[in-house]
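Shown below: entry-v7.cif, with mmCIF, C-alpha atoms.
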```
data_final
#
loop_
_atom_site.group_PDB
_atom_site.id
_atom_site.type_symbol
_atom_site.label_atom_id
_atom_site.label_comp_id
_atom_site.auth_asym_id
_atom_site.auth_seq_id
_atom_site.Cartn_x
_atom_site.Cartn_y
_atom_site.Cartn_z
ATOM 1 C CA MET A 2 58.743 185.885 190.186
ATOM 2 C CA PRO A 3 55.389 187.520 189.249
ATOM 3 C CA HIS A 4 55.373 191.190 188.310
ATOM 4 C CA ALA A 5 52.837 193.643 186.922
ATOM 5 C CA THR A 6 54.079 196.551 184.823
ATOM 6 C CA ALA A 7 53.101 200.144 185.603
ATOM 7 C CA THR A 8 52.301 202.660 182.885
ATOM 8 C CA ASP A 9 55.875 204.001 183.008
ATOM 9 C CA GLY A 10 57.444 200.542 182.789
ATOM 10 C CA VAL A 11 58.196 200.046 186.489
ATOM 11 C CA ARG A 12 57.752 196.403 187.490
ATOM 12 C CA LEU A 13 55.647 195.697 190.574
ATOM 13 C CA TYR A 14 56.072 192.435 192.440
ATOM 14 C CA PHE A 15 52.886 190.838 193.762
ATOM 15 C CA GLU A 16 51.700 187.731 195.550
ATOM 16 C CA GLU A 17 48.226 186.241 195.379
ATOM 17 C CA VAL A 18 46.387 183.461 197.140
ATOM 18 C CA GLY A 19 42.832 182.210 197.408
ATOM 19 C CA ALA A 20 39.762 182.457 195.220
ATOM 20 C CA GLY A 21 36.631 184.570 195.206
ATOM 21 C CA THR A 22 35.917 188.285 195.227
ATOM 22 C CA PRO A 23 39.296 190.059 194.956
ATOM 23 C CA LEU A 24 40.926 191.986 197.793
ATOM 24 C CA LEU A 25 43.925 194.217 197.076
ATOM 25 C CA PHE A 26 46.234 195.041 200.001
ATOM 26 C CA LEU A 27 48.285 198.280 199.941
ATOM 27 C CA HIS A 28 51.056 198.665 202.506
ATOM 28 C CA GLU A 29 52.374 201.614 204.499
ATOM 29 C CA PHE A 30 55.718 203.422 204.156
ATOM 30 C CA ALA A 31 57.600 201.399 206.773
ATOM 31 C CA ALA A 32 56.186 198.071 205.597
ATOM 32 C CA ASP A 33 56.006 196.095 202.382
ATOM 33 C CA HIS A 34 53.764 193.404 200.879
ATOM 34 C CA SER A 35 54.931 190.807 203.407
ATOM 35 C CA ASN A 36 53.397 192.671 206.339
ATOM 36 C CA TRP A 37 49.928 191.665 205.146
ATOM 37 C CA GLU A 38 50.629 187.983 205.859
ATOM 38 C CA PRO A 39 48.160 187.746 208.805
ATOM 39 C CA GLN A 40 45.455 189.128 206.529
ATOM 40 C CA LEU A 41 46.333 186.985 203.498
ATOM 41 C CA ARG A 42 46.152 183.811 205.571
ATOM 42 C CA TYR A 43 42.779 184.827 206.986
ATOM 43 C CA PHE A 44 40.971 186.308 204.004
ATOM 44 C CA ALA A 45 42.253 183.825 201.406
ATOM 45 C CA ARG A 46 39.799 181.310 202.824
ATOM 46 C CA ARG A 47 36.995 183.279 201.152
ATOM 47 C CA HIS A 48 38.639 185.764 198.778
ATOM 48 C CA ARG A 49 41.237 186.138 196.059
ATOM 49 C CA CYS A 50 43.883 188.136 197.913
ATOM 50 C CA ILE A 51 46.612 190.174 196.238
ATOM 51 C CA ALA A 52 49.414 192.025 198.024
ATOM 52 C CA TYR A 53 52.057 193.905 196.089
ATOM 53 C CA ALA A 54 55.266 195.762 196.855
ATOM 54 C CA ALA A 55 55.041 199.428 195.926
ATOM 55 C CA ARG A 56 57.636 200.933 193.608
ATOM 56 C CA GLY A 57 60.842 201.468 195.562
ATOM 57 C CA TYR A 58 60.285 198.315 197.606
ATOM 58 C CA THR A 59 62.156 195.242 196.421
ATOM 59 C CA PRO A 60 61.508 192.894 194.737
ATOM 60 C CA SER A 61 59.588 195.586 192.833
ATOM 61 C CA ASP A 62 61.719 197.974 190.787
ATOM 62 C CA VAL A 63 63.459 200.884 192.502
ATOM 63 C CA PRO A 64 63.450 203.830 190.055
ATOM 64 C CA ALA A 65 66.386 206.180 190.495
ATOM 65 C CA SER A 66 64.512 209.457 190.064
ATOM 66 C CA PRO A 67 62.387 210.929 192.890
ATOM 67 C CA ASP A 68 60.122 212.295 190.150
ATOM 68 C CA LEU A 69 58.803 208.754 189.656
ATOM 69 C CA TYR A 70 57.397 208.525 193.187
ATOM 70 C CA SER A 71 54.443 210.920 193.167
ATOM 71 C CA TYR A 72 51.108 209.992 194.730
ATOM 72 C CA VAL A 73 49.736 209.668 191.180
ATOM 73 C CA HIS A 74 52.320 206.992 190.410
ATOM 74 C CA PHE A 75 51.313 205.114 193.541
ATOM 75 C CA TYR A 76 47.577 204.966 192.998
ATOM 76 C CA THR A 77 47.905 204.201 189.285
ATOM 77 C CA ASP A 78 50.308 201.398 190.198
ATOM 78 C CA ALA A 79 47.475 199.764 192.142
ATOM 79 C CA LEU A 80 45.344 199.900 189.009
ATOM 80 C CA ALA A 81 48.199 198.434 186.966
ATOM 81 C CA VAL A 82 48.270 195.404 189.276
ATOM 82 C CA LEU A 83 44.529 194.908 188.778
ATOM 83 C CA ASP A 84 44.922 195.319 185.019
ATOM 84 C CA HIS A 85 47.691 192.748 184.886
ATOM 85 C CA LEU A 86 45.506 190.237 186.715
ATOM 86 C CA GLY A 87 42.425 190.993 184.619
ATOM 87 C CA ILE A 88 40.475 192.274 187.627
ATOM 88 C CA ALA A 89 37.857 194.899 186.849
ATOM 89 C CA SER A 90 37.318 195.955 190.468
ATOM 90 C CA ALA A 91 38.393 194.902 193.948
ATOM 91 C CA HIS A 92 37.978 195.694 197.599
ATOM 92 C CA PHE A 93 40.987 197.760 198.679
ATOM 93 C CA VAL A 94 42.555 197.304 202.117
ATOM 94 C CA GLY A 95 45.116 199.999 202.881
ATOM 95 C CA LEU A 96 47.265 201.140 205.755
ATOM 96 C CA SER A 97 48.614 204.706 205.932
ATOM 97 C CA MET A 98 50.314 205.321 202.564
ATOM 98 C CA GLY A 99 48.180 202.514 201.152
ATOM 99 C CA SER A 100 45.025 204.134 202.531
ATOM 100 C CA TYR A 101 45.882 207.406 200.809
ATOM 101 C CA SER A 102 46.343 205.572 197.506
ATOM 102 C CA SER A 103 43.043 203.738 198.003
ATOM 103 C CA LEU A 104 41.269 207.043 198.547
ATOM 104 C CA GLN A 105 42.850 208.405 195.368
ATOM 105 C CA VAL A 106 41.504 205.437 193.401
ATOM 106 C CA ALA A 107 38.027 206.155 194.786
ATOM 107 C CA LEU A 108 38.409 209.783 193.717
ATOM 108 C CA ASN A 109 39.807 209.119 190.261
ATOM 109 C CA ALA A 110 38.736 205.619 189.194
ATOM 110 C CA PRO A 111 35.651 204.774 191.287
ATOM 111 C CA ARG A 112 34.549 201.885 189.069
ATOM 112 C CA ARG A 113 37.724 199.975 189.990
ATOM 113 C CA ILE A 114 37.116 199.968 193.755
ATOM 114 C CA ARG A 115 34.285 198.059 195.417
ATOM 115 C CA SER A 116 35.047 199.282 198.922
ATOM 116 C CA MET A 117 38.015 200.556 200.907
ATOM 117 C CA VAL A 118 39.446 199.974 204.342
ATOM 118 C CA LEU A 119 41.320 203.159 205.264
ATOM 119 C CA ALA A 120 43.494 202.305 208.269
ATOM 120 C CA GLY A 121 45.931 204.759 209.849
ATOM 121 C CA VAL A 122 45.054 207.369 207.271
ATOM 122 C CA GLY A 123 45.931 211.046 206.967
ATOM 123 C CA SER A 124 49.182 211.726 208.805
ATOM 124 C CA GLY A 125 50.773 214.975 207.664
ATOM 125 C CA SER A 126 47.431 216.517 206.691
ATOM 126 C CA ASP A 127 47.359 219.347 209.234
ATOM 127 C CA LEU A 128 47.588 222.470 207.068
ATOM 128 C CA THR A 129 49.068 224.543 209.902
ATOM 129 C CA GLN A 130 51.958 222.036 210.162
ATOM 130 C CA LEU A 131 52.235 221.057 206.498
ATOM 131 C CA ASP A 132 55.493 222.880 205.789
ATOM 132 C CA ALA A 133 57.087 221.367 208.887
ATOM 133 C CA PHE A 134 55.862 217.895 207.928
ATOM 134 C CA ARG A 135 57.312 218.190 204.445
ATOM 135 C CA ALA A 136 60.601 219.454 205.833
ATOM 136 C CA GLN A 137 60.724 216.419 208.113
ATOM 137 C CA CYS A 138 60.055 214.139 205.129
ATOM 138 C CA ARG A 139 62.997 215.692 203.295
ATOM 139 C CA ALA A 140 65.185 215.258 206.360
ATOM 140 C CA THR A 141 64.183 211.607 206.702
ATOM 141 C CA ALA A 142 64.930 211.062 203.007
ATOM 142 C CA GLU A 143 68.411 212.466 203.586
ATOM 143 C CA GLN A 144 68.846 210.111 206.541
ATOM 144 C CA PHE A 145 68.091 207.129 204.325
ATOM 145 C CA GLU A 146 70.614 208.391 201.781
ATOM 146 C CA THR A 147 73.400 209.186 204.214
ATOM 147 C CA LEU A 148 72.866 206.746 207.103
ATOM 148 C CA ASP A 149 71.236 203.825 205.235
ATOM 149 C CA SER A 150 68.023 201.969 206.118
ATOM 150 C CA ALA A 151 69.346 200.177 209.186
ATOM 151 C CA GLU A 152 70.306 203.363 211.020
ATOM 152 C CA THR A 153 67.161 205.223 209.938
ATOM 153 C CA ALA A 154 64.970 202.349 211.171
ATOM 154 C CA LYS A 155 66.393 202.895 214.654
ATOM 155 C CA VAL A 156 64.973 206.424 214.578
ATOM 156 C CA THR A 157 61.649 205.532 212.951
ATOM 157 C CA ARG A 158 60.827 202.768 215.432
ATOM 158 C CA GLY A 159 60.684 205.325 218.237
ATOM 159 C CA ALA A 160 58.065 207.556 216.595
ATOM 160 C CA PRO A 161 55.054 208.209 218.872
ATOM 161 C CA GLY A 162 52.583 206.264 216.734
ATOM 162 C CA ARG A 163 54.883 203.228 216.826
ATOM 163 C CA ILE A 164 55.222 202.976 220.599
ATOM 164 C CA PRO A 165 51.915 201.157 221.268
ATOM 165 C CA PHE A 166 53.166 198.316 219.051
ATOM 166 C CA LEU A 167 56.368 198.136 221.103
ATOM 167 C CA VAL A 168 54.463 198.139 224.392
ATOM 168 C CA LYS A 169 52.019 195.373 223.510
ATOM 169 C CA ASP A 170 54.194 193.206 221.257
ATOM 170 C CA PRO A 171 57.944 193.839 221.570
ATOM 171 C CA ARG A 172 58.815 190.777 219.473
ATOM 172 C CA GLY A 173 56.503 191.819 216.661
ATOM 173 C CA HIS A 174 57.824 195.376 216.873
ATOM 174 C CA ALA A 175 61.406 194.138 216.653
ATOM 175 C CA ASP A 176 60.637 191.944 213.626
ATOM 176 C CA PHE A 177 58.853 194.800 211.877
ATOM 177 C CA TYR A 178 61.775 197.197 212.205
ATOM 178 C CA ALA A 179 64.340 194.549 211.379
ATOM 179 C CA ALA A 180 62.502 194.248 208.062
ATOM 180 C CA LEU A 181 62.509 198.033 207.589
ATOM 181 C CA ALA A 182 66.271 198.011 208.157
ATOM 182 C CA ARG A 183 66.582 195.813 205.059
ATOM 183 C CA HIS A 184 64.597 198.120 202.769
ATOM 184 C CA ASP A 185 66.299 199.664 199.771
ATOM 185 C CA ALA A 186 67.620 203.013 201.044
ATOM 186 C CA ARG A 187 67.226 204.782 197.717
ATOM 187 C CA GLY A 188 63.668 203.554 197.317
ATOM 188 C CA SER A 189 62.763 204.644 200.850
ATOM 189 C CA ALA A 190 64.380 208.063 200.349
ATOM 190 C CA ASN A 191 62.552 208.615 197.067
ATOM 191 C CA THR A 192 59.237 207.479 198.533
ATOM 192 C CA MET A 193 59.660 209.792 201.496
ATOM 193 C CA ARG A 194 60.596 212.721 199.308
ATOM 194 C CA GLY A 195 58.153 212.159 196.433
ATOM 195 C CA PHE A 196 55.073 210.538 197.935
ATOM 196 C CA GLN A 197 55.111 211.317 201.642
ATOM 197 C CA GLY A 198 56.452 214.842 201.289
ATOM 198 C CA GLY A 199 54.667 215.703 198.059
ATOM 199 C CA ARG A 200 51.100 214.446 198.384
ATOM 200 C CA PRO A 201 48.278 216.956 198.884
ATOM 201 C CA SER A 202 46.678 217.143 202.314
ATOM 202 C CA ILE A 203 43.332 215.374 202.454
ATOM 203 C CA TYR A 204 41.943 218.573 203.970
ATOM 204 C CA THR A 205 42.335 220.272 200.571
ATOM 205 C CA MET A 206 40.117 217.666 198.884
ATOM 206 C CA ALA A 207 36.913 218.078 200.893
ATOM 207 C CA ASP A 208 34.623 218.882 197.957
ATOM 208 C CA ALA A 209 35.862 215.920 195.914
ATOM 209 C CA ILE A 210 35.679 213.568 198.900
ATOM 210 C CA ARG A 211 32.031 214.505 199.488
ATOM 211 C CA ARG A 212 31.204 213.107 196.037
ATOM 212 C CA VAL A 213 32.758 209.697 196.727
ATOM 213 C CA THR A 214 30.102 207.050 197.355
ATOM 214 C CA THR A 215 32.483 204.090 197.678
ATOM 215 C CA PRO A 216 31.796 202.176 200.921
ATOM 216 C CA ALA A 217 34.591 202.973 203.347
ATOM 217 C CA LEU A 218 35.663 201.706 206.748
ATOM 218 C CA ILE A 219 38.041 204.093 208.516
ATOM 219 C CA ILE A 220 40.136 202.475 211.252
ATOM 220 C CA CYS A 221 42.323 204.470 213.622
ATOM 221 C CA GLY A 222 44.348 203.638 216.686
ATOM 222 C CA ASP A 223 43.345 205.865 219.578
ATOM 223 C CA GLU A 224 47.036 206.509 220.320
ATOM 224 C CA ASP A 225 47.927 207.364 216.731
ATOM 225 C CA GLU A 226 47.662 211.099 217.298
ATOM 226 C CA ALA A 227 48.626 212.114 213.741
ATOM 227 C CA CYS A 228 45.674 210.189 212.284
ATOM 228 C CA ILE A 229 42.847 210.904 214.738
ATOM 229 C CA GLU A 230 41.684 214.242 213.318
ATOM 230 C CA PRO A 231 42.108 213.157 209.663
ATOM 231 C CA SER A 232 40.030 210.053 210.422
ATOM 232 C CA LEU A 233 37.282 212.208 211.912
ATOM 233 C CA PHE A 234 37.493 214.520 208.900
ATOM 234 C CA LEU A 235 37.001 211.616 206.514
ATOM 235 C CA LYS A 236 34.066 210.299 208.542
ATOM 236 C CA ARG A 237 32.399 213.710 208.266
ATOM 237 C CA HIS A 238 32.998 214.033 204.522
ATOM 238 C CA LEU A 239 32.870 210.526 203.006
ATOM 239 C CA PRO A 240 29.148 209.836 202.534
ATOM 240 C CA ALA A 241 29.349 206.026 202.821
ATOM 241 C CA SER A 242 31.910 205.760 205.596
ATOM 242 C CA GLY A 243 32.033 204.233 209.041
ATOM 243 C CA LEU A 244 34.681 204.889 211.676
ATOM 244 C CA THR A 245 36.110 202.677 214.363
ATOM 245 C CA PHE A 246 38.902 203.278 216.863
ATOM 246 C CA PHE A 247 41.074 200.482 218.216
ATOM 247 C CA PRO A 248 41.817 201.078 221.913
ATOM 248 C CA LYS A 249 45.406 201.382 223.153
ATOM 249 C CA SER A 250 46.641 201.126 219.565
ATOM 250 C CA GLY A 251 48.992 203.077 217.349
ATOM 251 C CA HIS A 252 49.752 203.097 213.652
ATOM 252 C CA VAL A 253 50.587 199.499 212.685
ATOM 253 C CA LEU A 254 47.025 198.300 213.172
ATOM 254 C CA ASN A 255 47.025 195.133 211.098
ATOM 255 C CA LEU A 256 50.009 193.757 213.047
ATOM 256 C CA GLU A 257 49.288 195.279 216.458
ATOM 257 C CA GLU A 258 45.771 193.850 216.550
ATOM 258 C CA PRO A 259 45.492 191.315 213.699
ATOM 259 C CA ALA A 260 42.415 189.522 215.031
ATOM 260 C CA LEU A 261 40.543 192.771 215.671
ATOM 261 C CA PHE A 262 41.602 194.163 212.293
ATOM 262 C CA ASN A 263 40.505 191.027 210.443
ATOM 263 C CA GLU A 264 37.169 190.898 212.232
ATOM 264 C CA ALA A 265 36.358 194.544 211.501
ATOM 265 C CA ALA A 266 37.450 194.353 207.866
ATOM 266 C CA GLU A 267 35.626 191.055 207.287
ATOM 267 C CA ARG A 268 32.329 192.376 208.620
ATOM 268 C CA PHE A 269 32.659 195.557 206.583
ATOM 269 C CA ILE A 270 33.495 193.766 203.332
ATOM 270 C CA ALA A 271 30.581 191.359 203.810
ATOM 271 C CA LEU A 272 28.169 194.246 204.324
ATOM 272 C CA ALA A 273 29.585 196.115 201.332
ATOM 273 C CA GLU A 274 29.242 192.981 199.177
ATOM 274 C CA ALA A 275 25.624 192.647 200.280
ATOM 275 C CA GLY A 276 24.864 196.274 199.421
ATOM 276 C CA ARG A 277 24.230 197.046 203.070
ATOM 277 C CA TRP A 278 26.885 199.725 203.593
ATOM 278 C CA GLY A 279 25.374 202.707 201.866
ATOM 279 C CA VAL A 280 25.546 206.453 202.198
ATOM 280 C CA ARG A 281 24.566 207.946 205.512
ATOM 281 C CA ASP A 282 20.855 208.431 206.092
ATOM 282 C CA PRO A 283 20.202 212.216 206.363
ATOM 283 C CA ARG A 284 17.928 211.597 209.338
ATOM 284 C CA SER A 285 20.965 210.589 211.411
ATOM 285 C CA MET A 286 22.480 214.035 210.875
ATOM 286 C CA ALA A 287 19.570 216.023 212.274
ATOM 287 C CA GLY A 288 20.053 218.226 215.312
#
```
Can you give me the file's structure in the form of structure tokens?
Amino acid sequence: MPHATATDGVRLYFEEVGAGTPLLFLHEFAADHSNWEPQLRYFARRHRCIAYAARGYTPSDVPASPDLYSYVHFYTDALAVLDHLGIASAHFVGLSMGSYSSLQVALNAPRRIRSMVLAGVGSGSDLTQLDAFRAQCRATAEQFETLDSAETAKVTRGAPGRIPFLVKDPRGHADFYAALARHDARGSANTMRGFQGGRPSIYTMADAIRRVTTPALIICGDEDEACIEPSLFLKRHLPASGLTFFPKSGHVLNLEEPALFNEAAERFIALAEAGRWGVRDPRSMAG
């Protein structure tokens, strides 16, 4: 079973398929590496595709201490996977938690990231609601610890941003949350407490984000209320970004609309590879 090793010794399980320019897929909180299967099957025809399970998600290691689940651990883990595979730089494709980590790589190790798809990015960023969001993260962590993953999944699947998936694809929605119910409860609790409830709001990083020239495609579901304003914020501040909204869509974009997601990401990556996705022309900002 292939594993990369993080800087603190945590082992990270990964899968890879295909050949060509590398793509690294970073999953969201409620998912794991396996939820990128529709993308791996599509993009592996032209690219070397790597998907890995974040720390806390088996078969990766599940550290016992919540202190080992900070946002710094998560984005440096992505770099550890690239290091293990001898990859100098890759296109990053992230969803939610994975998008945040991709952005952190662009901020802190820009030479390692060729471009980034930031899907479902920025929930919990609202500074006026930040304390409440972090309190909810702590409460959810306690649910995982006291009720286990199966019972907590029953609550999570009814979150507003998850309902569009249920409406359009009840079988896919059921499969997704059946998988969440099997997640390691300690790993999910620690991730919720350390990463989700401890990461800085993207609104506090505006000056740093303005200096990022990495090509970026921001994708948001128009019914994913928690991510709409953060997506607009990133469009306004990331110099080489584009923004698209998927209609009648929520948070789980790569599974809700796999064909649309693949098409948008493929076009973006091709343009980035060709050097045709640059910083915004100042003339388009006049008026």
For the PyMOL selection byres ((chain A and resi 209-214) around 9), applied here, can you spell out every residue it catches as a PDB file with C-alpha atoms, in the frame of the given file?
```pdb
ATOM      1  CA  LEU A 104      41.269 207.043 198.547  1.00  0.00           C
ATOM      2  CA  ALA A 107      38.027 206.155 194.786  1.00  0.00           C
ATOM      3  CA  LEU A 108      38.409 209.783 193.717  1.00  0.00           C
ATOM      4  CA  PRO A 111      35.651 204.774 191.287  1.00  0.00           C
ATOM      5  CA  ILE A 203      43.332 215.374 202.454  1.00  0.00           C
ATOM      6  CA  MET A 206      40.117 217.666 198.884  1.00  0.00           C
ATOM      7  CA  ALA A 207      36.913 218.078 200.893  1.00  0.00           C
ATOM      8  CA  ASP A 208      34.623 218.882 197.957  1.00  0.00           C
ATOM      9  CA  THR A 215      32.483 204.090 197.678  1.00  0.00           C
ATOM     10  CA  PRO A 216      31.796 202.176 200.921  1.00  0.00           C
ATOM     11  CA  ALA A 217      34.591 202.973 203.347  1.00  0.00           C
ATOM     12  CA  LEU A 235      37.001 211.616 206.514  1.00  0.00           C
ATOM     13  CA  ARG A 237      32.399 213.710 208.266  1.00  0.00           C
ATOM     14  CA  HIS A 238      32.998 214.033 204.522  1.00  0.00           C
ATOM     15  CA  LEU A 239      32.870 210.526 203.006  1.00  0.00           C
ATOM     16  CA  PRO A 240      29.148 209.836 202.534  1.00  0.00           C
ATOM     17  CA  ALA A 241      29.349 206.026 202.821  1.00  0.00           C
ATOM     18  CA  SER A 242      31.910 205.760 205.596  1.00  0.00           C
ATOM     19  CA  GLY A 279      25.374 202.707 201.866  1.00  0.00           C
ATOM     20  CA  VAL A 280      25.546 206.453 202.198  1.00  0.00           C
TER      21      VAL A 280
END
```
Could you spell out the hits of the PyMOL selection byres ((chain A and resi 20-28) around 10) on the shown file, as a PyMOL selection string? chain A and resi 17-19+29-37+40-41+44-55+75-76+79-80+82-83+88-103+114-118+270+274
Please produce a file of those selected residues containing C-alpha atoms, as a CSV table (one decimal), keeping the file's coordinate frame.
```
chain,number,residue,atom,x,y,z
A,17,GLU,CA,48.2,186.2,195.4
A,18,VAL,CA,46.4,183.5,197.1
A,19,GLY,CA,42.8,182.2,197.4
A,29,GLU,CA,52.4,201.6,204.5
A,30,PHE,CA,55.7,203.4,204.2
A,31,ALA,CA,57.6,201.4,206.8
A,32,ALA,CA,56.2,198.1,205.6
A,33,ASP,CA,56.0,196.1,202.4
A,34,HIS,CA,53.8,193.4,200.9
A,35,SER,CA,54.9,190.8,203.4
A,36,ASN,CA,53.4,192.7,206.3
A,37,TRP,CA,49.9,191.7,205.1
A,40,GLN,CA,45.5,189.1,206.5
A,41,LEU,CA,46.3,187.0,203.5
A,44,PHE,CA,41.0,186.3,204.0
A,45,ALA,CA,42.3,183.8,201.4
A,46,ARG,CA,39.8,181.3,202.8
A,47,ARG,CA,37.0,183.3,201.2
A,48,HIS,CA,38.6,185.8,198.8
A,49,ARG,CA,41.2,186.1,196.1
A,50,CYS,CA,43.9,188.1,197.9
A,51,ILE,CA,46.6,190.2,196.2
A,52,ALA,CA,49.4,192.0,198.0
A,53,TYR,CA,52.1,193.9,196.1
A,54,ALA,CA,55.3,195.8,196.9
A,55,ALA,CA,55.0,199.4,195.9
A,75,PHE,CA,51.3,205.1,193.5
A,76,TYR,CA,47.6,205.0,193.0
A,79,ALA,CA,47.5,199.8,192.1
A,80,LEU,CA,45.3,199.9,189.0
A,82,VAL,CA,48.3,195.4,189.3
A,83,LEU,CA,44.5,194.9,188.8
A,88,ILE,CA,40.5,192.3,187.6
A,89,ALA,CA,37.9,194.9,186.8
A,90,SER,CA,37.3,196.0,190.5
A,91,ALA,CA,38.4,194.9,193.9
A,92,HIS,CA,38.0,195.7,197.6
A,93,PHE,CA,41.0,197.8,198.7
A,94,VAL,CA,42.6,197.3,202.1
A,95,GLY,CA,45.1,200.0,202.9
A,96,LEU,CA,47.3,201.1,205.8
A,97,SER,CA,48.6,204.7,205.9
A,98,MET,CA,50.3,205.3,202.6
A,99,GLY,CA,48.2,202.5,201.2
A,100,SER,CA,45.0,204.1,202.5
A,101,TYR,CA,45.9,207.4,200.8
A,102,SER,CA,46.3,205.6,197.5
A,103,SER,CA,43.0,203.7,198.0
A,114,ILE,CA,37.1,200.0,193.8
A,115,ARG,CA,34.3,198.1,195.4
A,116,SER,CA,35.0,199.3,198.9
A,117,MET,CA,38.0,200.6,200.9
A,118,VAL,CA,39.4,200.0,204.3
A,270,ILE,CA,33.5,193.8,203.3
A,274,GLU,CA,29.2,193.0,199.2
```
Env of Leu69 of chain A: 8 Å cut, atoms = all atoms listed in the file, seq-sep filter 5 positions within chain, self excluded. Answer as a CSV table (one decimal) with C-alpha atoms, keeping the file's coordinate frame.
```csv
chain,number,residue,atom,x,y,z
A,64,PRO,CA,63.4,203.8,190.1
A,74,HIS,CA,52.3,207.0,190.4
A,195,GLY,CA,58.2,212.2,196.4
```
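Note that atom CA of Phe15 of chain A and atom CA of Ala180 of chain A are 17.6 Å apart.
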Taking all atoms listed in the file into account, which of A:Gly173, A:Ala120, A:Glu146, A:Asp282 comes nearest Ala265 of chain A?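 Closest to Ala265 of chain A of all the choices is A:Ala120.
Reported to one decimal place, the separation of atom CA of Asp223 of chain A from atom CA of Leu256 of chain A is 15.3 Å.
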